[in-house]
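Participant: The structure's right below; bear with me while I get my questions together.
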Amino acid sequence: MVRIRLSRSGAKGRPFYHVVVADQRSKRDGRNIESVGYYNPVASGKDKRLELNVERVKEWMGKGAQLTEKVAALVKENSKQQAAI
């Protein structure tokens with residue numbers, strides 16, 4: 001099964017996550033199919049906290065990919081940001 005989930009990168013104490021499409025059997029930071037955005041939980045100033053390619057996410061969901069709980073919350077947050085603009 002294909003999942004849309006977070007892959008961690010960044011320094012110790014300064015996490016940075018890529019939102020990726022990956023097979024559920026692959027490791028968290030292992031091989032992925034496609035990167036569809038990023039999430040920076042410690043963003044400050046002019047740094048962007050969240051960037052998602054919503055069209056690609058919807059396309060993958062149409063193909064049967066499932067979102068993890070955190071990514072589902074991020075997609076919801078992103079849609080609220082887009083509505084506010």
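Residue numbering restarts at 1 for every chain of the structure tokens, chains are lettered A, B, ... in their displayed order, and ligands are numbered from 1 as they appear.
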Among chain A, which ones does DSSP assign to strand (DSSP E) (computed from the backbone)? Answer as a VMD selection string.
Facilitator: chain A and resid 2 to 11 14 to 23 34 to 39 50 to 52 66 to 67
Participant: List the spatial neighbours of stretch 16-22 of chain A as a list in words - criterion: any atom at most 7 Å away, only C-alpha atoms, same-chain residues fewer than 5 positions off excluded.
Facilitator: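 After dropping sequence-adjacent residues, the list is Val2, Arg3, Ile4, Arg5, Leu6, Ser7, Arg8, Ser9, Gly10, Asn32, Ile33, Glu34, Ser35, Val36, Gly37, Tyr38, Tyr39, Asn40 and Pro41 of chain A.
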Participant: Those residues with all heavy atoms, as a short mmCIF file (atom, residue, chain, number, x, y, z; two decimals), in the first residue's frame please?
Facilitator:
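The resulting file, part.cif, is reproduced below:
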```
data_model
loop_
_atom_site.label_atom_id
_atom_site.label_comp_id
_atom_site.auth_asym_id
_atom_site.auth_seq_id
_atom_site.Cartn_x
_atom_site.Cartn_y
_atom_site.Cartn_z
N VAL A 2 0.43 2.26 -0.70
CA VAL A 2 1.16 3.51 -0.81
C VAL A 2 0.61 4.49 0.21
O VAL A 2 -0.59 4.60 0.40
CB VAL A 2 1.04 4.08 -2.24
CG1 VAL A 2 1.73 5.43 -2.35
CG2 VAL A 2 1.61 3.11 -3.25
N ARG A 3 1.52 5.19 0.87
CA ARG A 3 1.13 6.18 1.88
C ARG A 3 1.81 7.51 1.59
O ARG A 3 2.90 7.55 1.06
CB ARG A 3 1.56 5.73 3.27
CG ARG A 3 0.78 4.56 3.79
CD ARG A 3 0.87 4.55 5.30
NE ARG A 3 0.13 3.43 5.82
CZ ARG A 3 -1.07 3.56 6.38
NH1 ARG A 3 -1.63 4.71 6.49
NH2 ARG A 3 -1.69 2.49 6.85
N ILE A 4 1.13 8.57 1.97
CA ILE A 4 1.72 9.90 1.93
C ILE A 4 2.07 10.23 3.36
O ILE A 4 1.21 10.29 4.24
CB ILE A 4 0.73 10.92 1.33
CG1 ILE A 4 0.33 10.48 -0.07
CG2 ILE A 4 1.36 12.31 1.31
CD1 ILE A 4 -0.73 11.35 -0.72
N ARG A 5 3.37 10.39 3.62
CA ARG A 5 3.84 10.52 5.00
C ARG A 5 5.02 11.48 5.07
O ARG A 5 5.48 12.00 4.07
CB ARG A 5 4.24 9.16 5.53
CG ARG A 5 5.40 8.53 4.79
CD ARG A 5 5.68 7.14 5.30
NE ARG A 5 6.85 6.57 4.66
CZ ARG A 5 7.19 5.31 4.74
NH1 ARG A 5 6.45 4.48 5.44
NH2 ARG A 5 8.26 4.86 4.14
N LEU A 6 5.54 11.69 6.29
CA LEU A 6 6.67 12.58 6.51
C LEU A 6 7.98 11.79 6.53
O LEU A 6 8.03 10.68 7.04
CB LEU A 6 6.52 13.31 7.85
CG LEU A 6 5.30 14.22 7.98
CD1 LEU A 6 5.24 14.80 9.39
CD2 LEU A 6 5.33 15.33 6.97
N SER A 7 9.01 12.41 5.98
CA SER A 7 10.36 11.86 6.02
C SER A 7 11.24 12.91 6.68
O SER A 7 11.31 14.05 6.22
CB SER A 7 10.84 11.57 4.60
OG SER A 7 12.16 11.12 4.60
N ARG A 8 11.91 12.55 7.78
CA ARG A 8 12.64 13.54 8.57
C ARG A 8 14.03 13.81 8.00
O ARG A 8 14.74 12.92 7.57
CB ARG A 8 12.80 13.06 10.01
CG ARG A 8 13.31 14.14 10.95
CD ARG A 8 13.45 13.60 12.36
NE ARG A 8 13.58 14.65 13.36
CZ ARG A 8 14.71 15.26 13.67
NH1 ARG A 8 15.81 14.93 13.05
NH2 ARG A 8 14.74 16.20 14.58
N SER A 9 14.41 15.08 8.06
CA SER A 9 15.77 15.49 7.76
C SER A 9 16.05 16.70 8.64
O SER A 9 15.23 17.06 9.47
CB SER A 9 15.93 15.82 6.26
OG SER A 9 15.04 16.82 5.89
N GLY A 10 17.18 17.33 8.49
CA GLY A 10 17.52 18.47 9.33
C GLY A 10 18.43 18.05 10.46
O GLY A 10 18.72 16.88 10.67
N ASN A 32 11.61 6.70 -1.51
CA ASN A 32 10.27 7.21 -1.71
C ASN A 32 9.97 7.30 -3.20
O ASN A 32 10.87 7.29 -4.03
CB ASN A 32 10.06 8.55 -1.00
CG ASN A 32 10.98 9.63 -1.51
OD1 ASN A 32 11.01 9.92 -2.69
ND2 ASN A 32 11.73 10.23 -0.60
N ILE A 33 8.70 7.41 -3.53
CA ILE A 33 8.26 7.47 -4.92
C ILE A 33 8.32 8.91 -5.43
O ILE A 33 8.81 9.17 -6.52
CB ILE A 33 6.83 6.90 -5.05
CG1 ILE A 33 6.82 5.44 -4.58
CG2 ILE A 33 6.33 7.03 -6.47
CD1 ILE A 33 5.44 4.84 -4.43
N GLU A 34 7.82 9.84 -4.63
CA GLU A 34 7.77 11.23 -5.05
C GLU A 34 7.69 12.14 -3.83
O GLU A 34 7.08 11.80 -2.82
CB GLU A 34 6.53 11.46 -5.92
CG GLU A 34 6.37 12.85 -6.43
CD GLU A 34 5.12 13.05 -7.26
OE1 GLU A 34 4.38 12.08 -7.50
OE2 GLU A 34 4.88 14.19 -7.66
N SER A 35 8.31 13.31 -3.94
CA SER A 35 8.21 14.32 -2.89
C SER A 35 7.13 15.32 -3.31
O SER A 35 7.14 15.82 -4.43
CB SER A 35 9.55 15.03 -2.72
OG SER A 35 9.46 16.02 -1.73
N VAL A 36 6.18 15.58 -2.41
CA VAL A 36 5.06 16.47 -2.75
C VAL A 36 5.03 17.73 -1.90
O VAL A 36 4.06 18.49 -1.96
CB VAL A 36 3.71 15.73 -2.66
CG1 VAL A 36 3.61 14.68 -3.73
CG2 VAL A 36 3.49 15.14 -1.30
N GLY A 37 6.06 17.98 -1.10
CA GLY A 37 6.10 19.20 -0.30
C GLY A 37 7.03 19.07 0.88
O GLY A 37 7.81 18.12 0.99
N TYR A 38 6.94 20.05 1.77
CA TYR A 38 7.75 20.02 2.99
C TYR A 38 7.01 20.67 4.14
O TYR A 38 6.04 21.40 3.96
CB TYR A 38 9.11 20.70 2.77
CG TYR A 38 9.05 22.19 2.50
CD1 TYR A 38 8.96 23.11 3.53
CD2 TYR A 38 9.08 22.67 1.20
CE1 TYR A 38 8.91 24.47 3.28
CE2 TYR A 38 9.03 24.03 0.94
CZ TYR A 38 8.95 24.92 1.99
OH TYR A 38 8.89 26.27 1.74
N TYR A 39 7.49 20.37 5.35
CA TYR A 39 6.92 20.89 6.60
C TYR A 39 8.08 21.26 7.51
O TYR A 39 8.94 20.44 7.80
CB TYR A 39 6.03 19.83 7.23
CG TYR A 39 5.61 20.09 8.66
CD1 TYR A 39 4.94 21.26 9.02
CD2 TYR A 39 5.86 19.17 9.65
CE1 TYR A 39 4.54 21.49 10.31
CE2 TYR A 39 5.47 19.37 10.96
CZ TYR A 39 4.81 20.54 11.29
OH TYR A 39 4.42 20.76 12.58
N ASN A 40 8.11 22.52 7.94
CA ASN A 40 9.16 23.01 8.82
C ASN A 40 8.52 23.47 10.14
O ASN A 40 8.04 24.59 10.24
CB ASN A 40 9.91 24.17 8.15
CG ASN A 40 11.08 24.66 8.95
OD1 ASN A 40 11.38 24.13 10.00
ND2 ASN A 40 11.74 25.69 8.46
N PRO A 41 8.50 22.59 11.16
CA PRO A 41 7.81 22.93 12.40
C PRO A 41 8.46 24.04 13.21
O PRO A 41 7.82 24.63 14.07
CB PRO A 41 7.80 21.61 13.18
CG PRO A 41 8.94 20.85 12.65
CD PRO A 41 9.07 21.25 11.20
#
```
Participant: List the spatial neighbours of A:Met1 as a list of chain:residue names - criterion: any atom at most 8 Å away, only C-alpha atoms, same-chain residues fewer than 6 positions off excluded.
Facilitator: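 What passes the distance filter is A:Asp23, A:Gln24, A:Ala65.
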Participant: Selected residues, C-alpha atoms, written as a JSON list (two decimals), in the first residue's frame, please.
Facilitator:
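That gives us part_24.json:
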```json
[["chain", "number", "residue", "atom", "x", "y", "z"],
["A", 23, "ASP", "CA", 5.43, 2.32, -0.02],
["A", 24, "GLN", "CA", 4.42, 1.59, 3.57],
["A", 65, "ALA", "CA", -2.69, 6.37, -1.48]]
```
Participant: Using only C-alpha atoms, which of the listed residues (A:Ala73, A:Arg31, A:Thr68, A:Asn78) sits closest to A:Leu52?
Facilitator: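 Once distances to A:Leu52 are computed over only C-alpha atoms, the minimum belongs to A:Asn78.
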